[in-house]
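Q: Provided herewith: final.csv, CSV, C-alpha atoms.
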```csv
chain,number,residue,atom,x,y,z
A,1,MET,CA,2.6,-16.9,5.4
A,2,SER,CA,1.0,-20.2,4.3
A,3,LEU,CA,4.3,-21.9,5.3
A,4,THR,CA,4.4,-20.2,8.8
A,5,HIS,CA,4.8,-22.7,11.6
A,6,ASN,CA,5.7,-20.4,14.5
A,7,PHE,CA,5.0,-17.1,16.1
A,8,TRP,CA,8.2,-15.3,14.8
A,9,MET,CA,7.7,-16.2,11.2
A,10,LEU,CA,4.1,-14.9,11.4
A,11,LEU,CA,5.4,-11.7,13.0
A,12,VAL,CA,7.9,-11.2,10.1
A,13,CYS,CA,5.1,-11.7,7.5
A,14,VAL,CA,2.7,-9.3,9.1
A,15,THR,CA,5.5,-6.7,9.5
A,16,LEU,CA,6.3,-6.9,5.8
A,17,VAL,CA,2.6,-6.5,5.0
A,18,GLY,CA,2.4,-3.5,7.3
A,19,ILE,CA,5.4,-1.8,5.6
A,20,GLY,CA,4.2,-2.6,2.0
A,21,ASN,CA,0.7,-1.2,2.7
A,22,ASN,CA,2.1,2.1,3.9
A,23,LEU,CA,3.9,2.9,0.7
A,24,TRP,CA,0.5,3.0,-1.0
A,25,HIS,CA,-1.0,6.2,0.4
A,26,PRO,CA,1.9,8.6,-0.2
A,27,ALA,CA,2.2,7.3,-3.8
A,28,ALA,CA,-1.5,7.2,-4.7
A,29,ILE,CA,-2.9,10.4,-3.1
A,30,PRO,CA,-0.4,12.9,-4.7
A,31,THR,CA,-0.9,11.0,-8.1
A,32,LEU,CA,-4.6,11.5,-8.0
A,33,ALA,CA,-4.4,15.1,-6.8
A,34,HIS,CA,-1.9,15.9,-9.6
A,35,ARG,CA,-3.7,14.1,-12.3
A,36,TYR,CA,-7.2,15.5,-11.5
A,37,PRO,CA,-6.4,18.9,-10.1
A,38,LYS,CA,-9.9,20.2,-10.6
A,39,ARG,CA,-11.7,17.2,-9.1
A,40,LYS,CA,-9.5,16.4,-6.1
A,41,GLY,CA,-12.4,16.0,-3.7
A,42,LEU,CA,-14.2,13.6,-6.0
A,43,VAL,CA,-11.2,11.4,-6.9
A,44,LEU,CA,-9.9,11.2,-3.3
A,45,SER,CA,-13.4,10.2,-2.1
A,46,PHE,CA,-13.4,7.4,-4.7
A,47,HIS,CA,-10.0,6.4,-3.4
A,48,GLY,CA,-11.3,6.3,0.2
A,49,MET,CA,-14.3,4.3,-0.9
A,50,GLY,CA,-12.0,1.7,-2.5
A,51,GLY,CA,-10.3,1.2,0.8
A,52,ASN,CA,-13.6,0.8,2.7
A,53,LEU,CA,-14.9,-1.6,0.1
A,54,GLY,CA,-11.7,-3.7,0.3
A,55,GLU,CA,-12.2,-4.0,4.0
A,56,ALA,CA,-15.9,-4.7,3.8
A,57,LEU,CA,-15.5,-7.5,1.1
A,58,ARG,CA,-12.5,-9.0,2.9
A,59,ARG,CA,-14.4,-9.4,6.1
A,60,TRP,CA,-17.0,-11.4,4.4
A,61,SER,CA,-15.2,-13.5,1.8
A,62,PRO,CA,-12.8,-15.5,4.0
A,63,GLY,CA,-15.7,-16.9,5.9
A,64,ALA,CA,-17.1,-18.2,2.6
A,65,LEU,CA,-13.7,-19.6,1.5
A,66,LEU,CA,-13.1,-21.2,4.9
A,67,ALA,CA,-16.1,-23.4,4.4
A,68,TRP,CA,-14.1,-25.2,1.8
A,69,PHE,CA,-10.5,-24.5,2.4
A,70,SER,CA,-8.0,-24.4,5.3
A,71,TRP,CA,-6.7,-20.9,6.3
A,72,ARG,CA,-3.4,-21.7,4.6
A,73,THR,CA,-5.1,-22.3,1.3
A,74,VAL,CA,-7.3,-19.2,1.8
A,75,VAL,CA,-4.0,-17.2,2.3
A,76,VAL,CA,-2.6,-18.5,-1.0
A,77,ILE,CA,-5.9,-17.8,-2.9
A,78,ASN,CA,-5.7,-14.3,-1.4
A,79,VAL,CA,-2.5,-13.6,-3.4
A,80,VAL,CA,-4.3,-13.8,-6.8
A,81,PRO,CA,-6.2,-10.5,-6.8
A,82,GLY,CA,-3.3,-8.5,-5.4
A,83,PHE,CA,-0.9,-9.9,-8.0
A,84,VAL,CA,-3.4,-9.3,-10.9
A,85,MET,CA,-4.0,-5.7,-9.7
A,86,ALA,CA,-0.3,-4.9,-9.2
A,87,THR,CA,0.4,-6.2,-12.7
A,88,MET,CA,-2.4,-4.1,-14.1
A,89,ILE,CA,-1.1,-1.0,-12.3
A,90,LEU,CA,2.4,-1.7,-13.6
A,91,LEU,CA,1.2,-2.0,-17.1
A,92,MET,CA,-1.3,0.8,-17.2
A,93,LEU,CA,0.3,3.3,-14.8
A,94,GLY,CA,4.0,2.3,-14.8
A,95,ALA,CA,4.8,4.9,-17.4
A,96,LEU,CA,3.0,7.6,-15.5
A,97,THR,CA,5.5,10.2,-14.3
A,98,MET,CA,5.4,13.1,-12.0
A,99,VAL,CA,8.9,14.3,-12.7
A,100,ARG,CA,10.0,17.9,-12.6
A,101,THR,CA,12.7,19.1,-14.9
A,102,ARG,CA,14.9,22.2,-14.9
A,103,GLU,CA,15.2,24.2,-18.1
A,104,ASP,CA,18.7,22.8,-18.5
A,105,GLY,CA,17.3,19.3,-18.8
A,106,ALA,CA,18.1,17.9,-15.4
A,107,ILE,CA,15.4,15.5,-14.4
A,108,ASN,CA,13.6,15.1,-11.2
A,109,VAL,CA,14.6,18.1,-9.2
A,110,ALA,CA,12.7,16.7,-6.2
A,111,ALA,CA,15.0,13.6,-6.2
A,112,GLU,CA,18.1,15.8,-6.8
A,113,SER,CA,17.4,17.9,-3.7
A,114,TRP,CA,16.4,14.9,-1.6
A,115,HIS,CA,18.4,14.7,1.6
A,116,ALA,CA,17.4,12.7,4.7
A,117,GLY,CA,18.8,15.3,7.0
A,118,LYS,CA,16.7,18.0,5.4
A,119,TYR,CA,13.6,15.9,5.8
A,120,VAL,CA,14.3,15.3,9.5
A,121,ARG,CA,14.8,19.0,10.1
A,122,ASP,CA,11.6,19.8,8.2
A,123,PHE,CA,9.8,17.2,10.2
A,124,VAL,CA,11.0,18.6,13.5
A,125,SER,CA,10.1,22.1,12.5
A,126,LEU,CA,6.6,20.9,11.6
A,127,LEU,CA,6.3,19.4,15.1
A,128,ALA,CA,7.5,22.6,16.6
A,129,THR,CA,4.9,24.7,14.8
A,130,ALA,CA,2.1,22.2,15.4
A,131,ASP,CA,0.7,23.9,18.5
B,1,MET,CA,16.0,27.9,-10.3
B,2,THR,CA,13.2,27.7,-12.9
B,3,THR,CA,11.4,24.5,-12.9
B,4,ALA,CA,8.6,23.1,-15.1
B,5,THR,CA,6.5,20.1,-14.7
B,6,VAL,CA,6.5,17.7,-17.5
B,7,ASP,CA,4.4,14.7,-17.3
B,8,SER,CA,1.5,12.9,-19.1
B,9,PRO,CA,-1.4,15.1,-20.2
B,10,PRO,CA,-4.4,15.2,-17.8
B,11,PRO,CA,-6.6,12.2,-18.3
B,12,GLN,CA,-10.0,12.4,-20.0
B,13,SER,CA,-11.7,9.6,-18.1
B,14,LEU,CA,-11.8,8.4,-14.5
B,15,ARG,CA,-10.1,5.1,-15.5
B,16,GLU,CA,-7.0,5.8,-13.4
B,17,VAL,CA,-9.2,6.7,-10.4
B,18,TRP,CA,-10.9,3.3,-10.6
B,19,LEU,CA,-7.7,1.5,-11.0
B,20,ILE,CA,-6.0,3.3,-8.1
B,21,SER,CA,-9.1,3.0,-5.9
B,22,ALA,CA,-9.3,-0.8,-6.6
B,23,GLY,CA,-5.6,-1.1,-5.7
B,24,HIS,CA,-6.3,0.9,-2.5
B,25,GLY,CA,-9.1,-1.6,-1.7
B,26,LEU,CA,-6.7,-4.5,-2.0
B,27,THR,CA,-4.1,-2.9,0.4
B,28,HIS,CA,-6.9,-2.8,3.0
B,29,TRP,CA,-8.0,-6.3,1.9
B,30,TYR,CA,-4.7,-7.8,3.0
B,31,THR,CA,-4.7,-6.2,6.5
B,32,ALA,CA,-8.4,-7.0,7.0
B,33,THR,CA,-7.6,-10.7,6.2
B,34,PHE,CA,-5.7,-11.1,9.5
B,35,TYR,CA,-8.6,-10.1,11.7
B,36,LEU,CA,-10.5,-13.1,10.4
B,37,LEU,CA,-7.8,-15.6,10.1
B,38,LEU,CA,-5.9,-14.9,13.3
B,39,PRO,CA,-8.1,-16.9,15.6
B,40,LEU,CA,-7.6,-19.9,13.4
B,41,ILE,CA,-3.9,-19.3,13.0
B,42,GLY,CA,-3.5,-18.7,16.7
B,43,ARG,CA,-5.3,-22.0,17.5
B,44,GLU,CA,-3.1,-24.0,15.1
B,45,LEU,CA,0.2,-22.4,16.3
B,46,GLY,CA,-0.9,-22.5,19.9
B,47,LEU,CA,-0.7,-18.7,20.4
B,48,SER,CA,-2.0,-16.9,23.4
B,49,TYR,CA,-4.4,-13.9,23.1
B,50,THR,CA,-1.5,-11.7,24.1
B,51,GLU,CA,0.7,-13.0,21.2
B,52,ILE,CA,-2.2,-12.6,18.8
B,53,GLY,CA,-2.7,-9.0,19.9
B,54,LEU,CA,1.0,-8.4,19.6
B,55,ILE,CA,1.0,-9.5,16.0
B,56,MET,CA,-1.6,-6.8,15.1
B,57,THR,CA,0.3,-4.2,17.2
B,58,VAL,CA,3.6,-5.0,15.4
B,59,GLN,CA,1.9,-4.8,12.0
B,60,HIS,CA,0.5,-1.3,12.7
B,61,LEU,CA,3.8,-0.2,14.4
B,62,ALA,CA,5.7,-1.3,11.3
B,63,GLY,CA,3.2,0.7,9.2
B,64,ALA,CA,3.6,3.8,11.4
B,65,ILE,CA,7.4,3.7,11.3
B,66,SER,CA,7.6,3.0,7.6
B,67,ASN,CA,5.3,5.9,6.7
B,68,LEU,CA,8.1,8.5,6.9
B,69,PRO,CA,10.7,6.8,4.8
B,70,GLY,CA,7.9,5.8,2.5
B,71,GLY,CA,7.0,9.4,2.0
B,72,MET,CA,10.6,10.4,1.4
B,73,LEU,CA,10.9,7.6,-1.2
B,74,VAL,CA,7.8,8.7,-3.0
B,75,ASP,CA,9.1,12.3,-3.1
B,76,ALA,CA,12.4,11.1,-4.5
B,77,VAL,CA,10.9,8.7,-7.2
B,78,GLY,CA,8.9,10.3,-9.9
B,79,ARG,CA,7.2,7.2,-11.3
B,80,LYS,CA,4.4,6.8,-8.8
B,81,GLY,CA,2.8,3.9,-10.8
B,82,TYR,CA,5.9,1.8,-10.1
B,83,LEU,CA,5.6,2.6,-6.4
B,84,MET,CA,1.9,1.7,-6.2
B,85,ALA,CA,2.7,-1.6,-7.9
B,86,THR,CA,5.6,-2.2,-5.5
B,87,SER,CA,3.4,-1.5,-2.6
B,88,LEU,CA,0.9,-4.1,-3.7
B,89,PHE,CA,3.6,-6.7,-4.6
B,90,TRP,CA,5.2,-6.1,-1.3
B,91,SER,CA,1.9,-6.7,0.5
B,92,VAL,CA,1.1,-9.8,-1.5
B,93,PHE,CA,4.3,-11.8,-1.3
B,94,PRO,CA,4.4,-12.2,2.5
B,95,MET,CA,0.9,-13.5,2.3
B,96,ARG,CA,1.9,-16.5,0.1
```
I'd like the structure from this file rewritten - as C-alpha coordinates, please.

A:
Amino acid sequence: MSLTHNFWMLLVCVTLVGIGNNLWHPAAIPTLAHRYPKRKGLVLSFHGMGGNLGEALRRWSPGALLAWFSWRTVVVINVVPGFVMATMILLMLGALTMVRTREDGAINVAAESWHAGKYVRDFVSLLATAD
Amino acid sequence: MTTATVDSPPPQSLREVWLISAGHGLTHWYTATFYLLLPLIGRELGLSYTEIGLIMTVQHLAGAISNLPGGMLVDAVGRKGYLMATSLFWSVFPMR
(Lines of atoms letter the chains of each structure in order from A and count residues from 1; the text may use other names and numbers.)
(Lines give C-alpha, C1' and ligand atoms only; values in the text may rest on other atoms or scores of the structure.)
Protein backbone atom coordinates (compact mmCIF):
# COMPACT_ATOMS: atom_id res chain seq x y z
CA MET A 1 0.00 0.00 0.00
CA SER A 2 2.93 2.31 0.65
CA LEU A 3 3.73 2.02 -3.09
CA THR A 4 0.19 2.89 -4.14
CA HIS A 5 -0.04 5.72 -6.61
CA ASN A 6 -3.58 5.43 -7.89
CA PHE A 7 -7.13 4.62 -6.87
CA TRP A 8 -7.21 1.10 -8.34
CA MET A 9 -4.05 -0.10 -6.58
CA LEU A 10 -5.48 1.21 -3.32
CA LEU A 11 -8.74 -0.61 -4.02
CA VAL A 12 -6.91 -3.91 -4.55
CA CYS A 13 -4.96 -3.46 -1.28
CA VAL A 14 -8.02 -2.74 0.84
CA THR A 15 -9.88 -5.64 -0.79
CA LEU A 16 -7.07 -8.02 0.20
CA VAL A 17 -7.08 -6.67 3.76
CA GLY A 18 -10.86 -7.16 3.89
CA ILE A 19 -10.57 -10.79 2.75
CA GLY A 20 -7.66 -11.60 5.09
CA ASN A 21 -9.45 -10.20 8.11
CA ASN A 22 -12.51 -12.33 7.59
CA LEU A 23 -10.61 -15.58 7.81
CA TRP A 24 -9.83 -14.73 11.43
CA HIS A 25 -13.22 -15.09 13.10
CA PRO A 26 -14.24 -18.51 11.73
CA ALA A 27 -10.82 -19.86 12.73
CA ALA A 28 -10.45 -18.21 16.14
CA ILE A 29 -13.93 -18.56 17.65
CA PRO A 30 -14.30 -22.35 17.19
CA THR A 31 -10.73 -22.81 18.42
CA LEU A 32 -11.43 -20.92 21.64
CA ALA A 33 -14.78 -22.67 22.17
CA HIS A 34 -13.19 -26.05 21.58
CA ARG A 35 -10.13 -25.46 23.75
CA TYR A 36 -12.03 -23.95 26.68
CA PRO A 37 -15.39 -25.77 26.58
CA LYS A 38 -16.32 -24.82 30.16
CA ARG A 39 -15.33 -21.15 29.88
CA LYS A 40 -16.65 -20.23 26.45
CA GLY A 41 -18.32 -17.03 27.64
CA LEU A 42 -15.18 -15.76 29.34
CA VAL A 43 -12.74 -16.58 26.55
CA LEU A 44 -15.01 -15.20 23.82
CA SER A 45 -15.41 -11.98 25.78
CA PHE A 46 -11.61 -11.73 25.99
CA HIS A 47 -11.52 -12.27 22.24
CA GLY A 48 -14.07 -9.49 21.69
CA MET A 49 -12.16 -7.23 24.04
CA GLY A 50 -9.01 -7.78 21.96
CA GLY A 51 -10.80 -6.54 18.86
CA ASN A 52 -12.10 -3.42 20.61
CA LEU A 53 -8.69 -2.64 22.08
CA GLY A 54 -7.10 -3.04 18.64
CA GLU A 55 -9.54 -0.52 17.18
CA ALA A 56 -9.14 1.86 20.11
CA LEU A 57 -5.34 1.87 20.05
CA ARG A 58 -5.17 2.15 16.30
CA ARG A 59 -7.32 5.22 16.21
CA TRP A 60 -4.93 6.99 18.52
CA SER A 61 -1.48 5.76 17.45
CA PRO A 62 -1.36 6.88 13.78
CA GLY A 63 -2.02 10.42 14.88
CA ALA A 64 1.09 10.25 17.04
CA LEU A 65 3.15 8.61 14.29
CA LEU A 66 1.95 11.10 11.67
CA ALA A 67 3.58 13.86 13.71
CA TRP A 68 6.95 12.44 12.60
CA PHE A 69 6.33 10.33 9.52
CA SER A 70 4.40 10.43 6.24
CA TRP A 71 1.37 8.15 5.83
CA ARG A 72 3.45 5.84 3.62
CA THR A 73 6.00 5.34 6.40
CA VAL A 74 3.23 4.86 8.98
CA VAL A 75 1.77 2.11 6.78
CA VAL A 76 5.15 0.34 6.63
CA ILE A 77 5.68 0.65 10.42
CA ASN A 78 2.19 -0.76 10.79
CA VAL A 79 3.33 -4.06 9.31
CA VAL A 80 5.68 -4.89 12.21
CA PRO A 81 3.18 -5.82 14.98
CA GLY A 82 1.06 -7.93 12.63
CA PHE A 83 4.09 -9.78 11.31
CA VAL A 84 5.40 -10.44 14.84
CA MET A 85 2.01 -11.63 16.06
CA ALA A 86 1.43 -13.86 13.02
CA THR A 87 4.84 -15.46 13.57
CA MET A 88 4.09 -16.00 17.28
CA ILE A 89 0.76 -17.63 16.44
CA LEU A 90 2.46 -19.81 13.86
CA LEU A 91 5.08 -20.93 16.38
CA MET A 92 2.84 -21.31 19.41
CA LEU A 93 -0.45 -22.44 17.88
CA GLY A 94 0.66 -23.85 14.53
CA ALA A 95 0.71 -27.39 15.90
CA LEU A 96 -2.75 -26.98 17.43
CA THR A 97 -5.15 -29.31 15.68
CA MET A 98 -8.89 -29.77 15.72
CA VAL A 99 -8.89 -32.85 13.54
CA ARG A 100 -11.44 -35.60 13.86
CA THR A 101 -10.45 -39.15 13.03
CA ARG A 102 -12.40 -42.28 12.31
CA GLU A 103 -11.58 -45.44 14.14
CA ASP A 104 -9.99 -46.81 11.00
CA GLY A 105 -7.42 -44.01 11.16
CA ALA A 106 -8.69 -41.72 8.40
CA ILE A 107 -7.94 -38.17 9.40
CA ASN A 108 -10.10 -35.09 9.29
CA VAL A 109 -13.55 -36.42 8.60
CA ALA A 110 -14.79 -32.86 8.29
CA ALA A 111 -12.41 -32.27 5.39
CA GLU A 112 -13.26 -35.63 3.88
CA SER A 113 -16.96 -34.83 3.76
CA TRP A 114 -16.41 -31.25 2.61
CA HIS A 115 -18.28 -30.44 -0.55
CA ALA A 116 -19.14 -26.97 -1.86
CA GLY A 117 -22.54 -28.07 -3.18
CA LYS A 118 -23.50 -29.44 0.23
CA TYR A 119 -22.56 -26.16 1.88
CA VAL A 120 -24.64 -24.17 -0.60
CA ARG A 121 -27.65 -26.45 0.03
CA ASP A 122 -27.17 -26.16 3.81
CA PHE A 123 -26.89 -22.39 3.50
CA VAL A 124 -30.09 -22.13 1.44
CA SER A 125 -31.94 -24.39 3.90
CA LEU A 126 -30.75 -22.16 6.76
CA LEU A 127 -32.17 -19.12 4.97
CA ALA A 128 -35.42 -20.95 4.30
CA THR A 129 -35.88 -21.72 8.00
CA ALA A 130 -34.74 -18.33 9.24
CA ASP A 131 -38.23 -16.91 9.54
CA MET B 1 -19.63 -43.88 11.29
CA THR B 2 -17.89 -43.63 14.62
CA THR B 3 -15.73 -40.62 15.11
CA ALA B 4 -13.48 -39.47 17.89
CA THR B 5 -11.88 -36.14 18.45
CA VAL B 6 -8.14 -36.30 18.86
CA ASP B 7 -6.36 -33.09 19.53
CA SER B 8 -4.14 -31.41 22.04
CA PRO B 9 -5.17 -31.72 25.72
CA PRO B 10 -7.19 -28.83 27.22
CA PRO B 11 -4.87 -25.97 28.16
CA GLN B 12 -4.18 -25.23 31.81
CA SER B 13 -3.68 -21.50 31.40
CA LEU B 14 -5.29 -18.69 29.44
CA ARG B 15 -2.12 -18.15 27.38
CA GLU B 16 -3.84 -19.17 24.14
CA VAL B 17 -6.71 -16.80 24.90
CA TRP B 18 -4.34 -13.86 25.27
CA LEU B 19 -2.51 -14.76 22.10
CA ILE B 20 -5.67 -15.20 20.02
CA SER B 21 -7.26 -12.05 21.51
CA ALA B 22 -4.15 -10.01 20.69
CA GLY B 23 -4.22 -11.39 17.15
CA HIS B 24 -7.89 -10.41 16.91
CA GLY B 25 -6.95 -6.92 18.05
CA LEU B 26 -4.47 -6.66 15.21
CA THR B 27 -7.00 -7.72 12.57
CA HIS B 28 -9.16 -4.80 13.74
CA TRP B 29 -6.06 -2.60 13.97
CA TYR B 30 -5.49 -2.88 10.21
CA THR B 31 -9.01 -1.97 9.19
CA ALA B 32 -9.10 0.90 11.70
CA THR B 33 -5.92 2.32 10.17
CA PHE B 34 -7.73 3.22 6.97
CA TYR B 35 -10.22 5.49 8.69
CA LEU B 36 -7.40 7.75 9.86
CA LEU B 37 -5.12 7.59 6.87
CA LEU B 38 -7.72 7.82 4.10
CA PRO B 39 -8.13 11.62 4.23
CA LEU B 40 -4.35 11.97 3.76
CA ILE B 41 -4.20 9.29 1.09
CA GLY B 42 -7.19 10.81 -0.68
CA ARG B 43 -5.58 14.25 -0.70
CA GLU B 44 -2.30 12.92 -2.09
CA LEU B 45 -3.93 10.75 -4.77
CA GLY B 46 -6.53 13.41 -5.59
CA LEU B 47 -9.52 11.24 -4.69
CA SER B 48 -13.05 12.54 -4.31
CA TYR B 49 -15.16 11.81 -1.21
CA THR B 50 -17.17 9.36 -3.32
CA GLU B 51 -14.03 7.41 -4.21
CA ILE B 52 -12.85 7.41 -0.60
CA GLY B 53 -16.25 6.10 0.50
CA LEU B 54 -16.13 3.48 -2.25
CA ILE B 55 -12.80 2.21 -0.92
CA MET B 56 -14.32 1.43 2.47
CA THR B 57 -17.43 -0.04 0.83
CA VAL B 58 -15.30 -2.37 -1.27
CA GLN B 59 -13.25 -3.43 1.75
CA HIS B 60 -16.34 -4.44 3.70
CA LEU B 61 -18.01 -6.03 0.66
CA ALA B 62 -14.89 -8.13 0.09
CA GLY B 63 -15.08 -9.14 3.75
CA ALA B 64 -18.77 -10.01 3.49
CA ILE B 65 -18.29 -12.11 0.36
CA SER B 66 -15.18 -13.88 1.66
CA ASN B 67 -16.84 -14.91 4.92
CA LEU B 68 -18.62 -17.93 3.42
CA PRO B 69 -15.64 -19.50 1.60
CA GLY B 70 -13.56 -18.59 4.67
CA GLY B 71 -15.91 -20.60 6.88
CA MET B 72 -15.83 -23.53 4.47
CA LEU B 73 -12.03 -23.45 4.43
CA VAL B 74 -11.89 -23.39 8.21
CA ASP B 75 -14.21 -26.41 8.38
CA ALA B 76 -12.01 -28.25 5.94
CA VAL B 77 -8.66 -27.46 7.53
CA GLY B 78 -8.00 -28.84 10.98
CA ARG B 79 -5.01 -26.74 11.88
CA LYS B 80 -6.69 -23.53 13.03
CA GLY B 81 -3.39 -22.01 14.20
CA TYR B 82 -2.12 -21.97 10.64
CA LEU B 83 -5.34 -20.32 9.47
CA MET B 84 -5.13 -17.57 12.08
CA ALA B 85 -1.52 -16.89 11.13
CA THR B 86 -2.53 -16.89 7.45
CA SER B 87 -5.28 -14.40 8.19
CA LEU B 88 -2.83 -12.02 9.84
CA PHE B 89 -0.13 -12.42 7.18
CA TRP B 90 -2.78 -11.88 4.51
CA SER B 91 -3.90 -8.65 6.19
CA VAL B 92 -0.34 -7.44 6.78
CA PHE B 93 1.22 -7.84 3.35
CA PRO B 94 -1.14 -5.56 1.36
CA MET B 95 -0.39 -2.90 3.99
CA ARG B 96 3.31 -2.81 3.10

Q: To one decimal place, how far is CA of Leu91 in chain A from CA of Gly23 in chain B in Å?

A: 13.3 Å

Q: Using all atoms listed in the file, which residue out of B:Ile52, B:Leu19, B:Leu47, B:Ile65 lies closest to Gly81 in chain B?

A: B:Leu19

Q: Provide the CA of Ile41 in chain B to CA of His28 in chain B distance in Å, to one decimal place.

A: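 Interatomic distance here is 19.5 Å.
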
Q: Taking into account all atoms listed in the file, which residue in the set A:Phe69, A:Met88, A:Gly51, A:Val76 is nearest to Trp24 in chain A?

A: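 The answer is A:Gly51, which sits nearest to Trp24 in chain A.
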
Q: Smallest atom-to-atom distance to Asn22 in chain A: which of B:His24, B:Leu40, B:Gly53, B:Phe93, using all atoms listed in the file?

A: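 Under the stated criterion, the closest residue is B:His24.
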
Q: Compute the distance from (5.6, 0.2, -9.0) to each atom, counting only C-alpha atoms, keep the residues with any atom at most 10 Å away, and return them as a VMD selection string; use the coordinates of the file.

A: (chain A and resid 24 27 86 to 87 89 to 91 93 to 95) or (chain B and resid 79 to 90)

Q: Which of these residues is nearest to Val77 in chain B, using only C-alpha atoms: A:Val80, A:Gly63, A:Pro26, A:Thr73?

A: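 Among the listed residues, the smallest separation from Val77 in chain B belongs to A:Pro26.
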
Q: One decimal, in Å: what's the spacing between CA of Asn21 in chain A and CA of Pro69 in chain B?

A: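 CA of Pro69 in chain B lies at a distance of 13.0 Å from CA of Asn21 in chain A.
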
Q: Of the candidates A:His34, A:Arg58, A:Lys40, A:Arg121, which shows the shortest atom-to-atom distance to chain B, using all atoms listed in the file?

A: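 Going through A:His34, A:Arg58, A:Lys40, A:Arg121 one by one, the smallest distance to chain B is for A:Arg58.
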
Q: Go through B:Thr57, B:Gly42, B:Glu51, B:Trp29 one by one, measure the shortest atom-to-atom distance of each to chain A using all atoms listed in the file, and give the residue with the smallest value.

A: B:Trp29

Q: Might you pull out every residue within 12 Å of Trp18 in chain B, with all atoms listed in the file counted and same-chain residues fewer than 2 positions away left off, and present them as a list in words?

A: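 The filter keeps Ala28, Leu32, Leu42, Val43, Leu44, Ser45, Phe46, His47, Gly48, Met49, Gly50, Gly51, Met85, Met88, Ile89, Met92 and Leu93 of chain A; Ser13, Leu14, Arg15, Glu16, Ile20, Ser21, Ala22, Gly23, His24 and Gly25 of chain B.
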